[in-house]
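The data block below is my_file.cif; it holds mmCIF, C-alpha atoms.
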```
data_protein
loop_
_atom_site.label_atom_id
_atom_site.label_comp_id
_atom_site.auth_asym_id
_atom_site.auth_seq_id
_atom_site.Cartn_x
_atom_site.Cartn_y
_atom_site.Cartn_z
CA MET A 1052 0.00 0.00 0.00
CA ILE A 1053 2.85 2.39 0.83
CA GLU A 1054 4.45 1.68 -2.53
CA PHE A 1055 1.09 2.22 -4.22
CA LEU A 1056 0.84 5.68 -2.64
CA LEU A 1057 4.44 6.81 -3.00
CA GLU A 1058 5.38 5.53 -6.46
CA PRO A 1059 3.41 8.14 -8.48
CA LEU A 1060 4.83 10.98 -6.37
CA GLN A 1061 8.34 10.16 -7.61
CA PHE A 1062 7.44 11.73 -10.95
CA GLY A 1063 7.13 15.48 -11.40
CA PHE A 1064 4.31 15.20 -13.92
CA MET A 1065 2.23 13.18 -11.46
CA GLN A 1066 2.80 15.73 -8.71
CA ARG A 1067 1.60 18.49 -11.03
CA ALA A 1068 -1.36 16.40 -12.20
CA LEU A 1069 -2.43 15.71 -8.62
CA LEU A 1070 -2.18 19.38 -7.70
CA VAL A 1071 -4.28 20.53 -10.67
CA SER A 1072 -6.83 17.74 -10.13
CA LEU A 1073 -7.26 18.70 -6.48
CA ALA A 1074 -7.71 22.39 -7.32
CA ALA A 1075 -10.21 21.63 -10.09
CA GLY A 1076 -12.09 19.10 -7.98
CA LEU A 1077 -12.41 21.46 -5.03
CA VAL A 1078 -13.64 24.52 -6.92
CA CYS A 1079 -16.02 22.46 -9.07
CA ALA A 1080 -17.49 20.77 -6.01
CA VAL A 1081 -18.22 24.04 -4.24
CA LEU A 1082 -19.87 25.62 -7.29
CA SER A 1083 -21.77 22.42 -8.12
CA CYS A 1084 -23.83 22.80 -4.94
CA TRP A 1085 -25.35 26.09 -6.13
CA VAL A 1086 -25.65 24.79 -9.69
CA THR A 1087 -27.61 21.78 -8.41
CA LEU A 1088 -29.96 23.82 -6.22
CA ILE A 1089 -30.71 26.49 -8.83
CA GLY A 1090 -31.16 23.97 -11.63
CA TRP A 1091 -28.34 25.23 -13.80
CA SER A 1092 -26.94 21.84 -14.73
CA LEU A 1093 -27.76 22.31 -18.41
CA LEU A 1094 -26.29 25.81 -18.32
CA GLY A 1095 -23.04 24.42 -16.91
CA ASP A 1096 -23.00 21.93 -19.75
CA ALA A 1097 -23.55 24.75 -22.23
CA VAL A 1098 -20.72 26.92 -20.90
CA SER A 1099 -18.26 24.02 -20.76
CA HIS A 1100 -18.86 23.12 -24.41
CA ALA A 1101 -19.18 26.68 -25.72
CA VAL A 1102 -15.63 27.56 -24.69
CA LEU A 1103 -14.12 25.24 -27.31
CA PRO A 1104 -13.77 27.86 -30.09
CA GLY A 1105 -12.24 30.27 -27.60
CA VAL A 1106 -9.65 27.69 -26.57
CA VAL A 1107 -8.80 26.94 -30.19
CA LEU A 1108 -8.39 30.61 -31.10
CA ALA A 1109 -6.26 31.21 -28.00
CA TYR A 1110 -3.91 28.40 -29.07
CA VAL A 1111 -3.71 29.78 -32.59
CA LEU A 1112 -2.94 33.32 -31.40
CA GLY A 1113 -0.41 32.14 -28.83
CA MET A 1114 -2.49 33.41 -25.91
CA PRO A 1115 -3.22 31.64 -22.62
CA PHE A 1116 -6.13 29.30 -23.33
CA SER A 1117 -7.89 30.56 -20.21
CA VAL A 1118 -8.43 33.95 -21.85
CA GLY A 1119 -10.22 32.49 -24.87
CA ALA A 1120 -12.19 30.06 -22.74
CA PHE A 1121 -13.41 32.78 -20.39
CA LEU A 1122 -14.36 35.15 -23.22
CA PHE A 1123 -16.39 32.53 -25.08
CA GLY A 1124 -17.94 31.30 -21.84
CA GLY A 1125 -19.18 34.83 -21.22
CA LEU A 1126 -20.29 35.10 -24.84
CA ALA A 1127 -22.33 31.91 -24.49
CA VAL A 1128 -24.07 33.19 -21.36
CA GLY A 1129 -24.83 36.51 -23.06
CA LEU A 1130 -26.21 34.83 -26.18
CA ILE A 1131 -28.41 32.50 -24.13
CA ALA A 1132 -29.80 35.41 -22.14
CA GLY A 1133 -30.37 37.39 -25.34
CA VAL A 1134 -32.22 34.57 -27.09
CA ARG A 1135 -34.41 33.92 -24.04
CA SER A 1136 -35.35 37.57 -23.61
CA THR A 1137 -36.09 38.31 -27.27
CA THR A 1138 -37.97 35.17 -28.32
CA ARG A 1139 -40.67 32.86 -27.00
CA LEU A 1140 -38.19 30.00 -26.69
CA LYS A 1141 -37.82 28.40 -23.29
CA GLY A 1142 -34.51 28.34 -21.51
CA ASP A 1143 -33.51 24.79 -22.41
CA ALA A 1144 -34.08 25.43 -26.12
CA ALA A 1145 -32.00 28.63 -26.05
CA ILE A 1146 -29.21 26.84 -24.19
CA GLY A 1147 -29.25 23.93 -26.64
CA VAL A 1148 -29.08 26.14 -29.72
CA VAL A 1149 -26.25 28.33 -28.42
CA PHE A 1150 -23.97 25.71 -26.93
CA THR A 1151 -24.27 23.25 -29.81
CA GLY A 1152 -23.62 26.05 -32.30
CA LEU A 1153 -20.50 27.27 -30.51
CA PHE A 1154 -19.25 23.75 -29.89
CA ALA A 1155 -19.67 22.93 -33.58
CA LEU A 1156 -17.78 26.12 -34.47
CA GLY A 1157 -14.94 24.92 -32.27
CA LEU A 1158 -14.86 21.56 -34.03
CA VAL A 1159 -14.76 23.32 -37.41
CA LEU A 1160 -11.83 25.47 -36.27
CA VAL A 1161 -9.98 22.41 -35.01
CA SER A 1162 -10.52 20.58 -38.31
CA ARG A 1163 -9.07 23.54 -40.21
CA ILE A 1164 -5.92 23.87 -38.12
CA PRO A 1165 -5.03 20.33 -36.99
CA SER A 1166 -1.30 21.04 -36.84
CA GLN A 1167 -1.63 23.79 -34.24
CA VAL A 1168 -4.25 22.28 -31.95
CA ASP A 1169 -4.44 18.81 -30.43
CA LEU A 1170 -8.15 17.98 -30.36
CA ASN A 1171 -7.74 15.26 -27.74
CA HIS A 1172 -6.06 17.65 -25.29
CA ILE A 1173 -8.83 20.20 -25.67
CA LEU A 1174 -11.70 17.76 -25.48
CA PHE A 1175 -10.39 15.34 -22.87
CA GLY A 1176 -7.79 17.34 -20.96
CA ASN A 1177 -4.04 16.96 -20.60
CA VAL A 1178 -3.48 17.07 -16.88
CA LEU A 1179 -0.27 15.02 -17.18
CA GLY A 1180 1.25 17.65 -19.46
CA VAL A 1181 0.52 20.83 -17.53
CA THR A 1182 3.30 23.38 -17.25
CA ASP A 1183 4.26 25.56 -14.32
CA PHE A 1184 2.41 28.44 -15.98
CA ASP A 1185 -0.71 26.29 -16.32
CA ILE A 1186 -0.53 25.35 -12.65
CA ALA A 1187 -0.10 28.99 -11.62
CA GLN A 1188 -3.16 30.15 -13.53
CA VAL A 1189 -5.26 27.22 -12.30
CA LEU A 1190 -4.35 27.93 -8.67
CA ILE A 1191 -4.93 31.67 -9.02
CA ILE A 1192 -8.33 31.28 -10.68
CA ALA A 1193 -9.41 28.54 -8.27
CA ALA A 1194 -8.37 30.63 -5.27
CA ALA A 1195 -10.25 33.66 -6.63
CA VAL A 1196 -13.45 31.68 -7.21
CA LEU A 1197 -13.29 30.05 -3.78
CA ALA A 1198 -12.64 33.40 -2.11
CA VAL A 1199 -15.69 34.95 -3.79
CA ALA A 1200 -17.76 31.88 -2.88
CA VAL A 1201 -16.80 32.26 0.79
CA LEU A 1202 -17.41 36.01 0.87
CA LYS A 1203 -20.72 35.87 -1.00
CA ARG A 1204 -21.98 32.48 0.20
CA ARG A 1205 -25.01 33.92 2.03
CA ASP A 1206 -26.16 35.98 -0.96
CA LEU A 1207 -25.61 33.06 -3.33
CA THR A 1208 -27.44 30.65 -1.04
CA LEU A 1209 -30.42 32.97 -0.52
CA TYR A 1210 -30.63 33.50 -4.28
CA ALA A 1211 -30.54 29.73 -4.84
CA PHE A 1212 -33.36 29.03 -2.38
CA ASP A 1213 -35.59 32.11 -2.80
CA PRO A 1214 -34.72 34.86 -5.34
CA THR A 1215 -37.89 36.78 -4.42
CA HIS A 1216 -36.91 36.97 -0.76
CA ALA A 1217 -33.37 37.93 -1.77
CA HIS A 1218 -34.77 40.88 -3.72
CA ALA A 1219 -37.01 41.85 -0.79
CA VAL A 1220 -34.04 42.15 1.59
CA GLY A 1221 -32.04 44.28 -0.83
CA ILE A 1222 -30.05 41.68 -2.75
CA SER A 1223 -30.19 42.10 -6.52
CA PRO A 1224 -30.97 38.70 -8.10
CA ARG A 1225 -29.60 39.96 -11.42
CA ARG A 1226 -26.24 40.87 -9.91
CA VAL A 1227 -26.00 37.63 -7.96
CA SER A 1228 -26.90 35.68 -11.10
CA ALA A 1229 -24.22 37.54 -13.09
CA LEU A 1230 -21.67 36.86 -10.35
CA LEU A 1231 -22.51 33.17 -10.27
CA LEU A 1232 -22.32 32.93 -14.06
CA THR A 1233 -18.89 34.57 -14.00
CA MET A 1234 -17.76 32.09 -11.36
CA LEU A 1235 -19.14 29.28 -13.49
CA ALA A 1236 -17.15 30.42 -16.52
CA LEU A 1237 -13.95 30.71 -14.48
CA THR A 1238 -14.53 27.29 -12.94
CA VAL A 1239 -14.86 25.78 -16.40
CA VAL A 1240 -11.47 27.32 -17.24
CA VAL A 1241 -9.94 25.62 -14.19
CA ALA A 1242 -11.49 22.22 -14.87
CA LEU A 1243 -10.52 22.23 -18.55
CA GLN A 1244 -6.91 21.55 -17.58
CA ALA A 1245 -7.88 18.45 -15.65
CA VAL A 1246 -10.61 16.79 -17.68
CA GLY A 1247 -11.19 18.77 -20.87
CA VAL A 1248 -14.34 20.16 -22.43
CA VAL A 1249 -16.34 16.94 -22.58
CA LEU A 1250 -16.01 15.95 -18.92
CA VAL A 1251 -16.20 19.38 -17.27
CA THR A 1252 -19.97 19.04 -16.97
CA ALA A 1253 -19.61 15.94 -14.80
CA MET A 1254 -17.32 17.73 -12.36
CA LEU A 1255 -19.75 20.65 -12.17
CA ILE A 1256 -22.78 18.48 -11.40
CA THR A 1257 -21.88 15.15 -9.83
CA PRO A 1258 -20.30 16.31 -6.51
CA GLY A 1259 -23.24 18.57 -5.69
CA ALA A 1260 -25.79 15.96 -6.73
CA THR A 1261 -24.08 13.33 -4.57
CA ALA A 1262 -23.91 15.61 -1.54
CA PHE A 1263 -27.56 16.59 -2.05
CA LEU A 1264 -28.56 12.95 -1.49
CA LEU A 1265 -26.55 12.76 1.72
CA THR A 1266 -27.61 15.88 3.62
CA LYS A 1267 -30.44 18.38 3.97
CA ARG A 1268 -28.35 21.29 5.29
CA PHE A 1269 -26.57 23.48 2.75
CA PRO A 1270 -23.37 24.19 4.75
CA LYS A 1271 -22.94 20.46 5.26
CA MET A 1272 -23.71 19.92 1.57
CA LEU A 1273 -20.84 22.24 0.61
CA LEU A 1274 -18.41 20.44 2.90
CA THR A 1275 -19.56 16.99 1.80
CA ALA A 1276 -19.27 17.84 -1.89
CA ALA A 1277 -15.77 19.25 -1.42
CA VAL A 1278 -14.52 16.25 0.55
CA LEU A 1279 -15.99 13.71 -1.86
CA SER A 1280 -14.65 15.56 -4.90
CA VAL A 1281 -11.14 15.77 -3.44
CA LEU A 1282 -11.21 12.05 -2.60
CA CYS A 1283 -12.31 11.23 -6.16
CA ALA A 1284 -9.57 13.47 -7.59
CA ILE A 1285 -6.91 11.68 -5.56
CA THR A 1286 -8.30 8.20 -6.23
CA GLY A 1287 -8.79 8.83 -9.95
CA THR A 1288 -5.29 10.25 -10.38
CA TYR A 1289 -3.66 7.31 -8.60
CA LEU A 1290 -5.73 4.72 -10.46
CA SER A 1291 -4.96 6.34 -13.81
CA PHE A 1292 -1.24 6.00 -13.07
CA HIS A 1293 -1.35 2.38 -11.95
CA ILE A 1294 -3.68 1.04 -14.65
CA ASP A 1295 -2.53 3.44 -17.40
CA THR A 1296 -5.80 5.19 -18.27
CA SER A 1297 -6.99 8.74 -18.88
CA THR A 1298 -6.61 10.76 -15.68
CA GLY A 1299 -9.58 13.04 -16.30
CA GLY A 1300 -11.76 10.14 -17.36
CA MET A 1301 -10.84 8.12 -14.28
CA ILE A 1302 -11.62 11.03 -11.95
CA VAL A 1303 -15.09 11.36 -13.45
CA VAL A 1304 -15.60 7.57 -13.31
CA CYS A 1305 -14.80 7.67 -9.59
CA GLN A 1306 -17.32 10.48 -9.10
CA ALA A 1307 -19.98 8.59 -11.05
CA ALA A 1308 -19.31 5.38 -9.13
CA LEU A 1309 -19.59 7.24 -5.83
CA PHE A 1310 -22.87 8.83 -6.93
CA ALA A 1311 -24.23 5.39 -7.87
CA LEU A 1312 -23.24 4.04 -4.45
CA VAL A 1313 -24.91 6.95 -2.66
CA TYR A 1314 -27.97 6.71 -4.89
CA LEU A 1315 -28.40 3.10 -3.85
CA LEU A 1316 -27.33 3.18 -0.21
CA ALA A 1317 -27.76 6.72 1.22
CA PRO A 1318 -29.46 6.39 4.63
CA THR A 1319 -32.46 8.63 3.89
CA GLN A 1320 -32.46 9.13 0.09
CA GLY A 1321 -30.99 5.82 -1.07
CA VAL A 1322 -33.14 3.56 -3.20
CA ILE A 1323 -32.46 0.41 -1.18
CA PRO A 1324 -33.06 1.88 2.32
CA ARG A 1325 -36.29 3.54 1.10
CA ALA A 1326 -37.48 0.26 -0.41
CA LEU A 1327 -36.72 -1.57 2.83
CA ARG A 1328 -38.59 1.05 4.86
CA ARG A 1329 -41.62 0.79 2.57
CA ARG A 1330 -41.53 -2.98 2.82
CA THR A 1331 -41.36 -2.81 6.60
CA LEU A 1332 -44.21 -0.30 6.73
CA ILE A 1333 -46.42 -2.46 4.49
CA ALA A 1334 -45.63 -5.51 6.60
CA ASP A 1335 -46.51 -3.63 9.80
CA ARG A 1336 -49.82 -2.43 8.33
CA THR A 1337 -50.66 -5.91 7.11
CA THR A 1338 -49.91 -7.38 10.52
CA ALA A 1339 -51.96 -4.71 12.27
CA GLY A 1340 -54.86 -5.30 9.86
CA THR A 1341 -55.02 -8.99 10.70
CA GLY A 1342 -55.22 -8.28 14.39
CA ALA A 1343 -51.91 -9.91 15.16
CA PRO A 1344 -49.67 -8.15 17.68
CA VAL A 1345 -47.22 -5.66 16.15
CA SER A 1346 -43.74 -5.85 17.59
#
```

Would you mind writing the file's structure down as structure tokens?
Amino acid sequence: MIEFLLEPLQFGFMQRALLVSLAAGLVCAVLSCWVTLIGWSLLGDAVSHAVLPGVVLAYVLGMPFSVGAFLFGGLAVGLIAGVRSTTRLKGDAAIGVVFTGLFALGLVLVSRIPSQVDLNHILFGNVLGVTDFDIAQVLIIAAAVLAVAVLKRRDLTLYAFDPTHAHAVGISPRRVSALLLTMLALTVVVALQAVGVVLVTAMLITPGATAFLLTKRFPKMLLTAAVLSVLCAITGTYLSFHIDTSTGGMIVVCQAALFALVYLLAPTQGVIPRALRRRTLIADRTTAGTGAPVS
């Protein structure tokens, strides 16, 4: 077991991969709690895919990919809001049109400049190949998002549970929404390094959804999501090294496996415990109906 834990740390690329995975997992977990409560899962999916053309253009122009990703993430949010406010389309239709269009544009750009851009690295991440500059920007962005989340957690939580009440006590739902969307775009930039465009959505949804099944209190939900996401980041990174698989993919597999376990076995929300409680309740009612003593 000691050799299993220490062997990957002998390599510099694994140390960097673990650091980036932990940062991405932590910031995604915290934001995923608000995304889950508000019902923005599809919006997170849209932003994560819509940044692809921005990443491609940033590579072509020799700019940090985070700049292009953030700009196109903001563009996607603006376009979705514009389509929703100027047409009769519902939110999910506007999101679907915008994010698929931008994602397709990114694929077209990649197909035109295959020599400059590695499609696999953009789509599926390249956490084993991150540079010191990549690590610095990931840590800075992650720290900024987490700091804002801590400072504005009460406003964000009130907006998530009751926007009307938030407005009544002097909190602007529009400003809070814009802040959360900005944090979402920045979080996508962080997670891109670890898992790429395709799997960012999982990291933005699964930790919060898992924690939601385990607790009814939001502060505990935040802590639970963060702890579970960090554990999955560590486990996925180690497993990817020892069985030679995609690091980002293995991290998301660990998160999905943990969600499945919680979905089945969570004490109050798990499928199996609820089925057992229903069976016990039916048995008790049947016994009481026959006049037999109920233990």

*Pick from A:Leu1237, A:Leu1197, A:Leu1160, A:Leu1088: nearest to A:Val1251, with all atoms listed in the file counted?*
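Looking at the shortest contact to A:Val1251, the residue is A:Leu1237.
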
*Give me the result of the PyMOL selection byres ((chain A and resi 1304-1310) around 10) on this file, residue by residue, as number ranges by chain.*
A: 1253-1254, 1256-1262, 1264, 1279-1288, 1290, 1298-1303, 1311-1317

_Using all atoms listed in the file, which protein or nucleic acid residues come within 8 Å of A:Phe1116? Drop anything in the same chain fewer than 4 positions from it, and give the result as number ranges by chain._
A: 1105-1107, 1109-1110, 1120

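Among the candidates A:Val1240, A:Val1098, A:Leu1093, A:Leu1158, the one nearest to A:Pro1115 when counting all atoms listed in the file is A:Val1240.
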
*Please provide as a list in words all residues within 8 Å of A:Met1234, with the sequence filter that same-chain residues fewer than 3 positions apart are discarded (counting all atoms listed in the file).*
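Listing them by chain and then by number gives Leu1082, Val1196, Leu1230, Leu1231, Leu1237 and Thr1238 of chain A.
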
Output stretch 1209-1220 of chain A with all heavy atoms present, as a JSON list (two decimals), in the coordinates of the input.
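Contents of the output file part.json:
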```
[["chain", "number", "residue", "atom", "x", "y", "z"],
["A", 1209, "LEU", "N", -29.07, 32.40, -0.56],
["A", 1209, "LEU", "CA", -30.42, 32.97, -0.52],
["A", 1209, "LEU", "C", -31.00, 33.06, -1.93],
["A", 1209, "LEU", "O", -32.19, 32.77, -2.14],
["A", 1209, "LEU", "CB", -30.38, 34.35, 0.13],
["A", 1209, "LEU", "CG", -31.74, 35.03, 0.34],
["A", 1209, "LEU", "CD1", -32.67, 34.16, 1.16],
["A", 1209, "LEU", "CD2", -31.55, 36.40, 0.99],
["A", 1210, "TYR", "N", -30.17, 33.44, -2.90],
["A", 1210, "TYR", "CA", -30.63, 33.50, -4.28],
["A", 1210, "TYR", "C", -31.02, 32.12, -4.78],
["A", 1210, "TYR", "O", -32.01, 31.96, -5.51],
["A", 1210, "TYR", "CB", -29.52, 34.08, -5.16],
["A", 1210, "TYR", "CG", -29.80, 33.98, -6.65],
["A", 1210, "TYR", "CD1", -30.72, 34.82, -7.27],
["A", 1210, "TYR", "CD2", -29.15, 33.02, -7.42],
["A", 1210, "TYR", "CE1", -30.97, 34.71, -8.63],
["A", 1210, "TYR", "CE2", -29.40, 32.91, -8.77],
["A", 1210, "TYR", "CZ", -30.32, 33.76, -9.37],
["A", 1210, "TYR", "OH", -30.58, 33.65, -10.71],
["A", 1211, "ALA", "N", -30.26, 31.10, -4.39],
["A", 1211, "ALA", "CA", -30.54, 29.73, -4.84],
["A", 1211, "ALA", "C", -31.86, 29.22, -4.28],
["A", 1211, "ALA", "O", -32.62, 28.55, -4.97],
["A", 1211, "ALA", "CB", -29.40, 28.80, -4.43],
["A", 1212, "PHE", "N", -32.16, 29.56, -3.02],
["A", 1212, "PHE", "CA", -33.36, 29.03, -2.38],
["A", 1212, "PHE", "C", -34.60, 29.89, -2.66],
["A", 1212, "PHE", "O", -35.69, 29.37, -2.85],
["A", 1212, "PHE", "CB", -33.15, 28.92, -0.86],
["A", 1212, "PHE", "CG", -32.36, 27.71, -0.45],
["A", 1212, "PHE", "CD1", -31.01, 27.79, -0.17],
["A", 1212, "PHE", "CD2", -32.98, 26.47, -0.35],
["A", 1212, "PHE", "CE1", -30.29, 26.68, 0.20],
["A", 1212, "PHE", "CE2", -32.27, 25.34, 0.03],
["A", 1212, "PHE", "CZ", -30.91, 25.45, 0.30],
["A", 1213, "ASP", "N", -34.43, 31.23, -2.67],
["A", 1213, "ASP", "CA", -35.59, 32.11, -2.80],
["A", 1213, "ASP", "C", -35.17, 33.46, -3.39],
["A", 1213, "ASP", "O", -34.90, 34.41, -2.64],
["A", 1213, "ASP", "CB", -36.25, 32.31, -1.44],
["A", 1213, "ASP", "CG", -37.63, 32.93, -1.55],
["A", 1213, "ASP", "OD1", -37.96, 33.46, -2.64],
["A", 1213, "ASP", "OD2", -38.38, 32.90, -0.56],
["A", 1214, "PRO", "N", -35.11, 33.59, -4.72],
["A", 1214, "PRO", "CA", -34.72, 34.86, -5.34],
["A", 1214, "PRO", "C", -35.65, 36.01, -4.97],
["A", 1214, "PRO", "O", -35.21, 37.15, -4.83],
["A", 1214, "PRO", "CB", -34.80, 34.55, -6.84],
["A", 1214, "PRO", "CG", -34.71, 33.08, -6.95],
["A", 1214, "PRO", "CD", -35.35, 32.53, -5.71],
["A", 1215, "THR", "N", -36.93, 35.73, -4.78],
["A", 1215, "THR", "CA", -37.89, 36.78, -4.42],
["A", 1215, "THR", "C", -37.57, 37.37, -3.05],
["A", 1215, "THR", "O", -37.57, 38.59, -2.86],
["A", 1215, "THR", "CB", -39.32, 36.22, -4.42],
["A", 1215, "THR", "OG1", -39.62, 35.67, -5.72],
["A", 1215, "THR", "CG2", -40.31, 37.31, -4.10],
["A", 1216, "HIS", "N", -37.28, 36.49, -2.10],
["A", 1216, "HIS", "CA", -36.91, 36.97, -0.76],
["A", 1216, "HIS", "C", -35.59, 37.72, -0.80],
["A", 1216, "HIS", "O", -35.42, 38.73, -0.09],
["A", 1216, "HIS", "CB", -36.83, 35.79, 0.20],
["A", 1216, "HIS", "CG", -36.49, 36.19, 1.60],
["A", 1216, "HIS", "ND1", -37.29, 36.99, 2.38],
["A", 1216, "HIS", "CD2", -35.40, 35.91, 2.38],
["A", 1216, "HIS", "CE1", -36.75, 37.19, 3.57],
["A", 1216, "HIS", "NE2", -35.59, 36.55, 3.58],
["A", 1217, "ALA", "N", -34.66, 37.25, -1.64],
["A", 1217, "ALA", "CA", -33.37, 37.93, -1.77],
["A", 1217, "ALA", "C", -33.59, 39.36, -2.25],
["A", 1217, "ALA", "O", -32.96, 40.31, -1.74],
["A", 1217, "ALA", "CB", -32.47, 37.17, -2.75],
["A", 1218, "HIS", "N", -34.47, 39.53, -3.22],
["A", 1218, "HIS", "CA", -34.77, 40.88, -3.72],
["A", 1218, "HIS", "C", -35.43, 41.73, -2.65],
["A", 1218, "HIS", "O", -35.16, 42.94, -2.52],
["A", 1218, "HIS", "CB", -35.68, 40.78, -4.95],
["A", 1218, "HIS", "CG", -36.05, 42.10, -5.55],
["A", 1218, "HIS", "ND1", -35.15, 42.89, -6.23],
["A", 1218, "HIS", "CD2", -37.23, 42.78, -5.55],
["A", 1218, "HIS", "CE1", -35.74, 43.99, -6.64],
["A", 1218, "HIS", "NE2", -37.01, 43.96, -6.24],
["A", 1219, "ALA", "N", -36.29, 41.12, -1.83],
["A", 1219, "ALA", "CA", -37.01, 41.85, -0.79],
["A", 1219, "ALA", "C", -36.07, 42.39, 0.28],
["A", 1219, "ALA", "O", -36.34, 43.44, 0.88],
["A", 1219, "ALA", "CB", -38.07, 40.95, -0.16],
["A", 1220, "VAL", "N", -34.97, 41.70, 0.54],
["A", 1220, "VAL", "CA", -34.04, 42.15, 1.59],
["A", 1220, "VAL", "C", -32.90, 42.97, 1.02],
["A", 1220, "VAL", "O", -31.91, 43.25, 1.71],
["A", 1220, "VAL", "CB", -33.47, 40.94, 2.36],
["A", 1220, "VAL", "CG1", -34.59, 40.19, 3.08],
["A", 1220, "VAL", "CG2", -32.69, 40.01, 1.44]]
```
